[in-house]
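Structure file upload.cif; described as mmCIF, C-alpha atoms and all ligand atoms.
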```cif
data_query
#
loop_
_atom_site.label_atom_id
_atom_site.label_comp_id
_atom_site.auth_asym_id
_atom_site.auth_seq_id
_atom_site.Cartn_x
_atom_site.Cartn_y
_atom_site.Cartn_z
CA MET O 405 0.00 0.00 0.00
CA SER O 406 1.10 3.59 -0.44
CA LEU O 407 1.49 5.36 2.86
CA PRO O 408 -1.04 8.02 3.85
CA SER O 409 0.15 11.59 4.07
CA PRO O 410 1.19 12.50 6.64
CA PHE O 411 2.52 9.26 8.06
CA ARG O 412 4.04 10.07 11.44
CA ILE O 413 6.56 7.75 13.09
CA ILE O 414 6.58 9.17 16.62
CA ALA O 415 9.14 8.00 19.17
CA HIS O 416 7.08 7.44 22.32
CA ARG O 417 8.69 9.12 25.35
CA GLY O 418 11.69 9.23 22.98
CA ALA O 419 12.94 5.95 21.57
CA SER O 420 12.04 4.47 24.94
CA GLY O 421 12.63 0.86 23.89
CA TYR O 422 16.31 1.75 23.56
CA ALA O 423 17.02 4.28 26.33
CA PRO O 424 15.28 5.45 29.53
CA GLU O 425 11.96 7.10 28.70
CA ASN O 426 11.64 10.88 28.61
CA THR O 427 15.38 11.47 29.12
CA MET O 428 17.70 13.26 26.73
CA ALA O 429 19.23 9.84 25.96
CA ALA O 430 15.89 8.58 24.65
CA PHE O 431 15.35 11.64 22.45
CA ARG O 432 18.93 11.45 21.16
CA ALA O 433 18.37 7.76 20.39
CA ALA O 434 15.36 8.77 18.30
CA MET O 435 17.45 11.31 16.40
CA THR O 436 20.13 8.69 15.80
CA MET O 437 17.45 6.52 14.20
CA SER O 438 16.48 9.42 11.89
CA VAL O 439 13.12 9.76 13.60
CA THR O 440 11.63 13.21 13.06
CA GLU O 441 8.78 13.20 15.61
CA ILE O 442 8.75 12.53 19.35
CA GLU O 443 6.13 12.25 22.08
CA THR O 444 6.62 13.28 25.69
CA ASP O 445 4.64 13.91 28.91
CA VAL O 446 4.67 17.00 31.12
CA HIS O 447 4.20 17.68 34.83
CA PHE O 448 4.80 20.82 36.82
CA SER O 449 7.59 20.92 39.36
CA ARG O 450 6.85 22.85 42.57
CA ASP O 451 8.44 25.93 41.00
CA ARG O 452 6.21 25.56 37.93
CA GLN O 453 8.81 24.24 35.49
CA LEU O 454 7.58 21.73 32.90
CA LEU O 455 9.23 18.44 33.75
CA LEU O 456 9.18 15.53 31.28
CA LEU O 457 7.79 12.60 33.27
CA HIS O 458 5.10 10.07 32.48
CA ASP O 459 3.89 8.92 35.88
CA ASP O 460 2.24 11.04 38.56
CA THR O 461 5.01 9.97 40.93
CA LEU O 462 8.78 9.59 40.75
CA GLU O 463 9.15 6.02 41.99
CA ARG O 464 8.99 3.93 38.81
CA THR O 465 11.50 5.80 36.65
CA THR O 466 13.79 7.57 39.12
CA ASN O 467 15.41 7.02 42.50
CA GLY O 468 13.13 9.68 43.97
CA LYS O 469 9.89 9.33 45.92
CA GLY O 470 6.70 11.34 45.81
CA ARG O 471 5.09 13.64 43.29
CA PRO O 472 7.08 15.92 40.98
CA GLY O 473 5.03 18.87 42.20
CA ASP O 474 6.43 18.35 45.70
CA PHE O 475 9.94 19.37 44.58
CA ASP O 476 11.66 22.29 42.89
CA LEU O 477 13.33 21.60 39.57
CA GLU O 478 16.81 21.75 41.06
CA GLU O 479 15.97 18.86 43.40
CA LEU O 480 14.35 16.87 40.59
CA LYS O 481 17.40 17.36 38.38
CA SER O 482 19.58 15.65 40.98
CA LEU O 483 17.63 12.37 40.65
CA ASP O 484 18.84 9.41 38.62
CA ALA O 485 16.38 8.67 35.81
CA GLY O 486 18.57 6.10 34.08
CA SER O 487 19.00 3.27 36.55
CA TRP O 488 15.43 2.17 37.22
CA ALA O 489 15.27 -0.83 34.91
CA ASP O 490 17.27 -3.96 34.27
CA PRO O 491 17.02 -4.45 30.49
CA GLU O 492 18.19 -8.05 30.88
CA LYS O 493 15.02 -8.79 32.81
CA ASN O 494 12.69 -6.80 30.55
CA ALA O 495 12.35 -7.97 26.98
CA ASP O 496 10.74 -4.64 26.00
CA LEU O 497 13.90 -2.70 26.83
CA ALA O 498 16.73 -3.14 24.33
CA TRP O 499 18.95 -0.62 26.10
CA THR O 500 22.29 -0.37 24.38
CA SER O 501 24.39 1.01 27.21
CA ASP O 502 24.45 1.92 30.87
CA PHE O 503 22.34 5.04 31.42
CA ALA O 504 23.07 5.44 35.15
CA GLY O 505 23.08 9.11 36.09
CA GLU O 506 20.79 10.24 33.28
CA SER O 507 18.73 13.13 34.61
CA LEU O 508 15.18 14.32 34.21
CA ILE O 509 14.81 17.22 31.77
CA THR O 510 12.35 20.03 31.06
CA LEU O 511 10.34 20.85 27.97
CA ASP O 512 12.46 23.98 27.50
CA GLU O 513 15.62 21.86 27.53
CA LEU O 514 14.15 19.48 24.97
CA PHE O 515 13.31 22.37 22.66
CA ALA O 516 16.73 23.97 23.19
CA GLU O 517 18.47 20.71 22.25
CA PHE O 518 16.49 19.76 19.13
CA GLY O 519 14.65 22.92 18.04
CA ALA O 520 13.15 22.73 14.57
CA ARG O 521 14.75 19.37 13.80
CA LEU O 522 11.80 17.58 15.41
CA THR O 523 8.02 17.67 15.50
CA TYR O 524 6.75 17.42 19.08
CA HIS O 525 3.69 15.72 20.59
CA VAL O 526 3.36 17.04 24.14
CA GLU O 527 0.95 15.19 26.41
CA LEU O 528 -0.57 17.14 29.30
CA LYS O 529 -0.26 14.73 32.22
CA ASP O 530 -0.39 17.17 35.12
CA PRO O 531 -4.06 17.73 35.98
CA GLU O 532 -3.35 21.19 37.35
CA TYR O 533 -5.02 24.14 35.67
CA GLY O 534 -2.42 26.24 33.88
CA VAL O 535 -0.30 23.44 32.46
CA ALA O 536 -1.85 24.02 29.01
CA GLU O 537 -0.92 27.70 29.06
CA ALA O 538 2.58 26.91 30.35
CA VAL O 539 3.13 24.46 27.50
CA ALA O 540 1.88 27.02 24.98
CA GLU O 541 4.28 29.59 26.44
CA SER O 542 7.24 27.20 26.24
CA VAL O 543 6.42 26.22 22.65
CA GLY O 544 5.92 29.85 21.67
CA ALA O 545 9.21 30.93 23.26
CA ALA O 546 10.98 28.24 21.24
CA GLY O 547 9.24 29.33 18.03
CA LEU O 548 7.87 25.82 17.50
CA ALA O 549 4.11 26.40 17.32
CA THR O 550 3.60 24.95 13.86
CA GLN O 551 5.52 21.79 14.61
CA THR O 552 3.98 20.97 17.94
CA PHE O 553 0.85 19.04 18.84
CA VAL O 554 -0.62 19.06 22.32
CA THR O 555 -2.32 15.85 23.42
CA GLY O 556 -4.00 14.34 26.42
CA PHE O 557 -6.67 11.94 27.67
CA GLU O 558 -9.95 13.72 28.47
CA ARG O 559 -8.24 17.12 28.26
CA SER O 560 -10.20 18.63 25.37
CA ASN O 561 -10.73 22.01 27.01
CA ASP O 562 -7.09 22.26 28.05
CA LEU O 563 -5.92 21.45 24.54
CA LEU O 564 -8.20 24.05 23.01
CA ARG O 565 -7.04 26.65 25.54
CA ALA O 566 -3.41 25.91 24.63
CA ARG O 567 -4.24 26.45 20.96
CA SER O 568 -6.05 29.70 21.73
CA ALA O 569 -3.01 30.88 23.64
CA LEU O 570 -0.69 30.02 20.76
CA PRO O 571 -2.14 30.06 17.25
CA GLY O 572 -0.54 27.45 15.01
CA LEU O 573 -0.34 24.84 17.75
CA ARG O 574 -2.37 21.75 16.87
CA THR O 575 -4.48 19.55 19.13
CA THR O 576 -4.92 15.78 19.14
CA PRO O 577 -7.02 14.29 21.95
CA LEU O 578 -6.04 10.80 23.08
CA ILE O 579 -9.05 8.50 23.30
CA PRO O 580 -9.16 5.99 26.17
CA THR O 581 -10.18 2.41 25.43
CA SER O 582 -13.28 2.92 27.57
CA ARG O 583 -14.80 5.22 24.95
CA ASP O 584 -16.45 4.31 21.67
CA PRO O 585 -13.90 5.47 19.07
CA GLY O 586 -16.54 6.41 16.51
CA GLU O 587 -18.31 8.68 18.99
CA ALA O 588 -14.96 10.10 20.12
CA ILE O 589 -13.94 10.94 16.54
CA ALA O 590 -17.24 12.75 15.97
CA THR O 591 -16.79 14.69 19.22
CA CYS O 592 -13.23 15.68 18.32
CA ALA O 593 -14.44 16.96 14.96
CA ASP O 594 -17.31 18.90 16.57
CA GLU O 595 -14.92 20.47 19.06
CA GLY O 596 -12.60 21.60 16.28
CA HIS O 597 -9.50 19.52 17.02
CA ASP O 598 -6.88 18.83 14.38
CA GLY O 599 -6.55 15.11 14.95
CA VAL O 600 -7.46 12.19 17.14
CA SER O 601 -5.46 9.30 18.57
CA ILE O 602 -7.15 5.98 19.29
CA HIS O 603 -5.77 2.72 20.69
CA ILE O 604 -3.96 0.66 18.08
CA ASP O 605 -6.29 -2.31 18.57
CA ALA O 606 -9.33 -0.13 17.83
CA ALA O 607 -8.07 0.98 14.42
CA THR O 608 -10.20 0.00 11.42
CA THR O 609 -10.34 1.25 7.85
CA GLU O 610 -13.89 2.44 8.54
CA LEU O 611 -12.79 4.65 11.46
CA VAL O 612 -9.94 6.01 9.35
CA GLU O 613 -12.40 6.96 6.62
CA ILE O 614 -14.71 8.60 9.15
CA ALA O 615 -11.86 10.62 10.68
CA HIS O 616 -10.50 11.69 7.31
CA GLY O 617 -14.01 12.58 6.16
CA ALA O 618 -14.30 14.84 9.20
CA GLY O 619 -11.00 16.52 8.34
CA LEU O 620 -9.04 14.90 11.18
CA GLU O 621 -5.69 13.16 11.16
CA ILE O 622 -6.05 9.82 12.92
CA ARG O 623 -3.16 8.32 14.78
CA CYS O 624 -2.76 5.46 17.28
CA TRP O 625 -1.22 4.84 20.69
CA GLY O 626 -0.64 1.72 22.77
CA VAL O 627 1.59 -0.36 20.47
CA ARG O 628 3.23 -3.30 22.24
CA THR O 629 3.92 -5.78 19.43
CA ARG O 630 5.00 -5.74 15.80
CA GLU O 631 1.78 -7.58 14.93
CA SER O 632 -0.56 -4.95 16.39
CA MET O 633 1.58 -2.22 14.86
CA ALA O 634 1.29 -3.77 11.40
CA SER O 635 -2.43 -4.48 11.54
CA GLY O 636 -3.19 -0.96 12.82
CA ALA O 637 -0.93 0.70 10.29
CA ALA O 638 -2.52 -1.29 7.45
CA CYS O 639 -5.83 0.48 8.18
CA GLY O 640 -4.44 3.70 6.71
CA ILE O 641 -3.80 5.65 9.92
CA ASN O 642 -1.56 8.72 9.83
CA GLY O 643 1.01 7.26 12.19
CA MET O 644 1.52 6.20 15.77
CA THR O 645 3.55 6.67 18.90
CA ILE O 646 5.87 3.71 19.38
CA ASN O 647 8.71 2.79 21.75
CA TRP O 648 10.52 1.04 18.89
CA PRO O 649 10.34 3.48 15.98
CA ASP O 650 12.65 1.30 13.89
CA TRP O 651 9.89 -1.33 13.71
CA LEU O 652 7.58 1.15 12.04
CA GLN O 653 10.36 2.51 9.82
CA GLU O 654 10.95 -1.03 8.57
CA TRP O 655 7.22 -1.61 8.04
CA ALA O 656 6.86 1.68 6.14
CA ALA O 657 9.87 0.93 3.94
CA THR O 658 8.47 -2.49 3.03
CA GLU O 659 5.02 -1.09 2.25
CA SER O 660 6.48 1.74 0.17
CA SER O 661 8.58 -0.68 -1.86
CA ARG O 662 5.48 -2.75 -2.62
CA ALA O 663 3.37 0.22 -3.74
O1 LIG W 701 0.80 8.34 22.48
C1 LIG W 701 0.08 8.58 23.57
C2 LIG W 701 0.51 7.74 24.69
O2 LIG W 701 1.67 8.28 25.20
C3 LIG W 701 -0.54 7.63 25.71
O3 LIG W 701 -0.26 6.75 26.72
O4 LIG W 701 0.41 6.18 28.96
O5 LIG W 701 2.10 6.43 27.25
O6 LIG W 701 0.99 8.41 28.11
P1 LIG W 701 0.87 6.96 27.81
CA CA W 702 2.23 9.92 26.81
#
```
Show this structure as structure tokens.
Ligand code: G3P
Ligand code: CA
Amino acid sequence: MSLPSPFRIIAHRGASGYAPENTMAAFRAAMTMSVTEIETDVHFSRDRQLLLLHDDTLERTTNGKGRPGDFDLEELKSLDAGSWADPEKNADLAWTSDFAGESLITLDELFAEFGARLTYHVELKDPEYGVAEAVAESVGAAGLATQTFVTGFERSNDLLRARSALPGLRTTPLIPTSRDPGEAIATCADEGHDGVSIHIDAATTELVEIAHGAGLEIRCWGVRTRESMASGAACGINGMTINWPDWLQEWAATESSRA
């Protein structure tokens, strides 16, 4: 099949199958793989800096304890975000070196490092009011509005407020598996979003047609296996977030050569 346009290969929390998620090492790994789009998650620190962290707490991916909002950025930067996993005991983690000492980073630092070389998908994780505006301010200061998407589960109003604060920014709600994807696509279109992201196992050609007919890009999240990646991608979606972007690069190259 010929690939839809756009077809976005998005390194999920960076190339997080190959380096610790949401650290500079994971985003550099994505760049090394010639990936041009990354996804990340944001939380406020106590001093209102935008920290890249997936979980609501520090325990799983750092040697810290508690919530990121309980600490100033300086304290959070002293944590080790690269020693939390043993890749030999986790088949999902093909880490290529020892990442001990890797630190947490901010959205501003991510933008300063990669600038216009990447397209960014920034997920609002922190439930606190104001995180949408803070993300818009950070994106605007970096001059990256037109190559940034803001995303989030059940955060439609926040996403739309971010876009109002920074014209050019695009919005892609993430749809939880508990919702009917057809209804969710219709709602996203009604609310004026730019795209929608559904679980990979929910993807069908019919939903892709409905989304495209409504003027929405449709992407997927939740990829865990090459098989689900391939069957979702074959539905004509506009891309996906994936911990192993090289899998999707290989799939896309094979499909393109067949077309
Ligand atoms: O691509 C979106 C995806 O990141 C949503 O799930 O849990 O990884 O934030 P999660
Ligand atoms: Ca995320």
Please provide as a PDB file with C-alpha atoms, in the frame of the given file all residues within 9 Å of Arg565 (chain O), with the sequence filter that same-chain residues fewer than 6 positions apart are discarded (counting only C-alpha atoms).
```
ATOM      1  CA  ALA O 536      -1.850  24.020  29.010  1.00  0.00           C
ATOM      2  CA  GLU O 537      -0.920  27.700  29.060  1.00  0.00           C
ATOM      3  CA  ALA O 540       1.880  27.020  24.980  1.00  0.00           C
TER       4      ALA O 540
END
```
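If you measure from each of O:Gly534, O:Gly596, O:Pro491, O:Gly468 to Ser507 (chain O) using all atoms listed in the file, the closest one turns out to be O:Gly468.
Taking CA of Asp459 (chain O) as the reference point, CA of Gly626 (chain O) is found at 15.6 Å.
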Per residue of chain O within 12 Å of ligand LIG 701 (chain W), note the shortest atom pair and the distance in Å to one decimal, counting only C-alpha atoms and all ligand atoms, and order the rows by chain and increasing residue number, as a Markdown table.
```
| residue | atom | partner | partner_atom | distance |
| --- | --- | --- | --- | --- |
| O:Arg412 | CA | W:LIG701 | O1 | 11.6 |
| O:Ile413 | CA | W:LIG701 | O1 | 11.0 |
| O:Ile414 | CA | W:LIG701 | O1 | 8.3 |
| O:Ala415 | CA | W:LIG701 | O1 | 9.0 |
| O:His416 | CA | W:LIG701 | O2 | 6.2 |
| O:Arg417 | CA | W:LIG701 | O2 | 7.1 |
| O:Gly418 | CA | W:LIG701 | O2 | 10.3 |
| O:Ser420 | CA | W:LIG701 | O5 | 10.4 |
| O:Glu425 | CA | W:LIG701 | O5 | 10.0 |
| O:Asn426 | CA | W:LIG701 | O5 | 10.6 |
| O:Glu441 | CA | W:LIG701 | O1 | 11.6 |
| O:Ile442 | CA | W:LIG701 | O1 | 9.5 |
| O:Glu443 | CA | W:LIG701 | O1 | 6.6 |
| O:Thr444 | CA | W:LIG701 | O2 | 7.1 |
| O:Asp445 | CA | W:LIG701 | O6 | 6.6 |
| O:Val446 | CA | W:LIG701 | O6 | 9.8 |
| O:His447 | CA | W:LIG701 | O6 | 11.9 |
| O:Leu456 | CA | W:LIG701 | O6 | 11.3 |
| O:Leu457 | CA | W:LIG701 | O6 | 9.5 |
| O:His458 | CA | W:LIG701 | O6 | 6.2 |
| O:Asp459 | CA | W:LIG701 | O4 | 8.2 |
| O:Asp460 | CA | W:LIG701 | O6 | 10.8 |
| O:Tyr524 | CA | W:LIG701 | O1 | 11.4 |
| O:His525 | CA | W:LIG701 | O1 | 8.1 |
| O:Val526 | CA | W:LIG701 | O2 | 9.0 |
| O:Glu527 | CA | W:LIG701 | O6 | 7.0 |
| O:Leu528 | CA | W:LIG701 | O6 | 8.9 |
| O:Lys529 | CA | W:LIG701 | O6 | 7.6 |
| O:Asp530 | CA | W:LIG701 | O6 | 11.3 |
| O:Phe553 | CA | W:LIG701 | O1 | 11.3 |
| O:Val554 | CA | W:LIG701 | C1 | 10.6 |
| O:Thr555 | CA | W:LIG701 | C1 | 7.7 |
| O:Gly556 | CA | W:LIG701 | C3 | 7.6 |
| O:Phe557 | CA | W:LIG701 | C3 | 7.7 |
| O:Glu558 | CA | W:LIG701 | C3 | 11.5 |
| O:Thr576 | CA | W:LIG701 | C1 | 9.8 |
| O:Pro577 | CA | W:LIG701 | C1 | 9.3 |
| O:Leu578 | CA | W:LIG701 | C1 | 6.5 |
| O:Ile579 | CA | W:LIG701 | C3 | 8.9 |
| O:Pro580 | CA | W:LIG701 | C3 | 8.8 |
| O:Thr581 | CA | W:LIG701 | O3 | 10.9 |
| O:Val600 | CA | W:LIG701 | C1 | 10.5 |
| O:Ser601 | CA | W:LIG701 | O1 | 7.4 |
| O:Ile602 | CA | W:LIG701 | C1 | 8.8 |
| O:His603 | CA | W:LIG701 | C3 | 8.8 |
| O:Ile604 | CA | W:LIG701 | O1 | 10.0 |
| O:Ile622 | CA | W:LIG701 | O1 | 11.9 |
| O:Arg623 | CA | W:LIG701 | O1 | 8.7 |
| O:Cys624 | CA | W:LIG701 | O1 | 6.9 |
| O:Trp625 | CA | W:LIG701 | O1 | 4.4 |
| O:Gly626 | CA | W:LIG701 | O3 | 6.4 |
| O:Val627 | CA | W:LIG701 | O1 | 9.0 |
| O:Arg628 | CA | W:LIG701 | O5 | 11.0 |
| O:Gly643 | CA | W:LIG701 | O1 | 10.3 |
| O:Met644 | CA | W:LIG701 | O1 | 7.1 |
| O:Thr645 | CA | W:LIG701 | O1 | 4.8 |
| O:Ile646 | CA | W:LIG701 | O1 | 7.5 |
| O:Asn647 | CA | W:LIG701 | O5 | 9.3 |
```
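Closest approach to Gln453 (chain O) from the set O:Leu497, O:Leu508, O:Met437, O:Met633 is made by O:Leu508, with distances taken over only C-alpha atoms.
Atom pair CA of Gly470 (chain O) / CA of Phe448 (chain O) has a distance of 13.2 Å (rounded to one decimal).
Computed from the coordinates, the CA of Asp598 (chain O) to CA of Asn561 (chain O) distance equals 13.6 Å.
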